[in-house]
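This is structure12.pdb (PDB, C-alpha atoms).
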```
MODEL        1
ATOM      1  CA  MET A   1     135.000 136.206 157.598  1.00  0.00           C
ATOM      2  CA  ALA A   2     136.627 132.944 156.565  1.00  0.00           C
ATOM      3  CA  ASP A   3     135.071 129.643 157.547  1.00  0.00           C
ATOM      4  CA  PRO A   4     137.114 128.279 160.481  1.00  0.00           C
ATOM      5  CA  HIS A   5     136.359 124.685 159.456  1.00  0.00           C
ATOM      6  CA  ALA A   6     137.546 125.041 155.822  1.00  0.00           C
ATOM      7  CA  GLN A   7     140.816 123.247 156.600  1.00  0.00           C
ATOM      8  CA  ASP A   8     138.852 120.168 157.702  1.00  0.00           C
ATOM      9  CA  ASP A   9     138.060 119.367 154.048  1.00  0.00           C
ATOM     10  CA  TYR A  10     141.648 118.361 153.314  1.00  0.00           C
ATOM     11  CA  VAL A  11     142.798 114.922 154.398  1.00  0.00           C
ATOM     12  CA  ARG A  12     146.560 114.423 154.317  1.00  0.00           C
ATOM     13  CA  GLY A  13     147.664 111.926 151.657  1.00  0.00           C
ATOM     14  CA  SER A  14     144.400 111.932 149.717  1.00  0.00           C
ATOM     15  CA  MET A  15     145.361 114.402 146.969  1.00  0.00           C
ATOM     16  CA  GLU A  16     146.067 113.099 143.443  1.00  0.00           C
ATOM     17  CA  ILE A  17     149.578 114.237 142.520  1.00  0.00           C
ATOM     18  CA  SER A  18     150.051 112.744 139.048  1.00  0.00           C
ATOM     19  CA  GLU A  19     149.695 116.146 137.348  1.00  0.00           C
ATOM     20  CA  GLN A  20     152.267 117.747 139.653  1.00  0.00           C
ATOM     21  CA  LYS A  21     154.640 114.828 139.091  1.00  0.00           C
ATOM     22  CA  SER A  22     154.351 115.056 135.305  1.00  0.00           C
ATOM     23  CA  THR A  23     154.913 118.837 135.445  1.00  0.00           C
ATOM     24  CA  TYR A  24     158.018 118.357 137.603  1.00  0.00           C
ATOM     25  CA  ASP A  25     159.349 115.658 135.261  1.00  0.00           C
ATOM     26  CA  LEU A  26     158.848 117.942 132.253  1.00  0.00           C
ATOM     27  CA  PHE A  27     160.591 120.810 134.054  1.00  0.00           C
ATOM     28  CA  MET A  28     163.586 118.595 134.863  1.00  0.00           C
ATOM     29  CA  VAL A  29     163.908 117.370 131.253  1.00  0.00           C
ATOM     30  CA  LEU A  30     163.665 120.898 129.866  1.00  0.00           C
ATOM     31  CA  SER A  31     166.213 122.142 132.428  1.00  0.00           C
ATOM     32  CA  LYS A  32     168.740 119.401 131.588  1.00  0.00           C
ATOM     33  CA  TYR A  33     168.538 119.730 127.838  1.00  0.00           C
ATOM     34  CA  GLY A  34     168.217 123.522 127.954  1.00  0.00           C
ATOM     35  CA  ALA A  35     171.470 123.767 129.929  1.00  0.00           C
ATOM     36  CA  LEU A  36     173.142 121.371 127.477  1.00  0.00           C
ATOM     37  CA  THR A  37     171.977 123.462 124.516  1.00  0.00           C
ATOM     38  CA  ILE A  38     173.271 126.679 126.096  1.00  0.00           C
ATOM     39  CA  ALA A  39     176.645 125.040 126.847  1.00  0.00           C
ATOM     40  CA  ALA A  40     176.978 123.778 123.255  1.00  0.00           C
ATOM     41  CA  LEU A  41     175.997 127.187 121.857  1.00  0.00           C
ATOM     42  CA  LEU A  42     178.544 128.959 124.064  1.00  0.00           C
ATOM     43  CA  ALA A  43     181.291 126.523 123.037  1.00  0.00           C
ATOM     44  CA  PHE A  44     180.361 126.976 119.369  1.00  0.00           C
ATOM     45  CA  LEU A  45     180.368 130.773 119.510  1.00  0.00           C
ATOM     46  CA  THR A  46     183.548 130.920 121.594  1.00  0.00           C
ATOM     47  CA  LEU A  47     185.502 128.695 119.208  1.00  0.00           C
ATOM     48  CA  TRP A  48     184.111 130.409 116.131  1.00  0.00           C
ATOM     49  CA  PHE A  49     184.870 133.989 117.181  1.00  0.00           C
ATOM     50  CA  MET A  50     188.160 133.499 119.028  1.00  0.00           C
ATOM     51  CA  PRO A  51     191.338 134.640 117.273  1.00  0.00           C
ATOM     52  CA  ASN A  52     192.300 131.994 114.693  1.00  0.00           C
ATOM     53  CA  GLY A  53     188.997 130.200 115.336  1.00  0.00           C
ATOM     54  CA  SER A  54     186.777 128.764 112.653  1.00  0.00           C
ATOM     55  CA  PHE A  55     183.154 127.911 112.075  1.00  0.00           C
ATOM     56  CA  ILE A  56     183.982 124.254 111.379  1.00  0.00           C
ATOM     57  CA  MET A  57     185.934 123.844 114.626  1.00  0.00           C
ATOM     58  CA  GLY A  58     183.124 125.438 116.648  1.00  0.00           C
ATOM     59  CA  ALA A  59     180.442 123.380 114.942  1.00  0.00           C
ATOM     60  CA  GLY A  60     182.421 120.176 115.436  1.00  0.00           C
ATOM     61  CA  VAL A  61     182.892 120.779 119.144  1.00  0.00           C
ATOM     62  CA  ALA A  62     179.222 121.738 119.546  1.00  0.00           C
ATOM     63  CA  VAL A  63     178.055 118.561 117.796  1.00  0.00           C
ATOM     64  CA  VAL A  64     180.363 116.359 119.891  1.00  0.00           C
ATOM     65  CA  LEU A  65     179.260 118.137 123.079  1.00  0.00           C
ATOM     66  CA  MET A  66     175.575 117.696 122.206  1.00  0.00           C
ATOM     67  CA  ALA A  67     176.043 114.009 121.350  1.00  0.00           C
ATOM     68  CA  ALA A  68     177.955 113.291 124.563  1.00  0.00           C
ATOM     69  CA  GLY A  69     175.462 115.317 126.608  1.00  0.00           C
ATOM     70  CA  ILE A  70     172.457 113.517 125.170  1.00  0.00           C
ATOM     71  CA  PHE A  71     174.152 110.173 125.812  1.00  0.00           C
ATOM     72  CA  PHE A  72     174.931 110.991 129.455  1.00  0.00           C
ATOM     73  CA  LEU A  73     171.696 112.851 130.273  1.00  0.00           C
ATOM     74  CA  ARG A  74     169.338 110.107 129.073  1.00  0.00           C
ATOM     75  CA  SER A  75     167.020 108.679 131.675  1.00  0.00           C
ATOM     76  CA  PRO A  76     167.705 105.056 132.627  1.00  0.00           C
ATOM     77  CA  LYS A  77     165.495 102.510 130.915  1.00  0.00           C
ATOM     78  CA  ALA A  78     162.689 101.091 133.035  1.00  0.00           C
ATOM     79  CA  HIS A  79     162.644  97.321 133.379  1.00  0.00           C
TER      80      HIS A  79
ENDMDL
END
```
Whole structure given in structure tokens:
Amino acid sequence: MADPHAQDDYVRGSMEISEQKSTYDLFMVLSKYGALTIAALLAFLTLWFMPNGSFIMGAGVAVVLMAAGIFFLRSPKAH
């Protein structure tokens, strides 16, 4: 049977959360830039394979989309 006093070991607010915070921050960065990469890839493939589309047009739009996305998704600089 479980120890009924096992919950007494935990004191609210005493747990170190730096590892959880760094994992969450990494997840958010990967989510942002992963979504941007998928959007650029979809734009590239759509413009390349559409009727009268071209590889150059698709690549150009994908590069511009990636550059604008990286510019707008950057984290603000810490002072």
**Asked** Nearest to A:Met66: which of A:Ser31, A:Asn52, A:Thr46, A:Thr37 is it, counting all atoms listed in the file?
**Response** A:Thr37
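Going from atom CA of A:Thr23 to atom CA of A:Val63 covers 29.1 Å.
When you apply the PyMOL selection byres ((chain A and resi 39) around 12) to this structure, what comes back is Lys32, Tyr33, Gly34, Ala35, Leu36, Thr37, Ile38, Ala40, Leu41, Leu42, Ala43, Phe44, Leu45, Thr46, Val61, Ala62, Val63, Val64, Leu65, Met66 and Gly69 of chain A.
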**Request:** Would you mind reading off the distance between atom CA of A:Glu19 and atom CA of A:Ser75, one decimal, in Å?
**Result:** 19.7 Å
Mind working out the centre and edge lengths of an axis-aligned box for stretch 42-56 of chain A, all listed atoms inside, 4 Å added to each side, rounded to one decimal in Å and written as AutoDock Vina command-line options?
```
--center_x 185.4 --center_y 129.4 --center_z 117.7 --size_x 21.8 --size_y 18.4 --size_z 20.7
```
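The coordinates place atom CA of A:Ile70 at 12.4 Å from atom CA of A:Leu30.
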**Distance query A:Trp48 at most 10 Å, all atoms listed in the file, self and fewer than 6 positions along chain excluded, as a ChimeraX atom specification** = /A:42,54-59
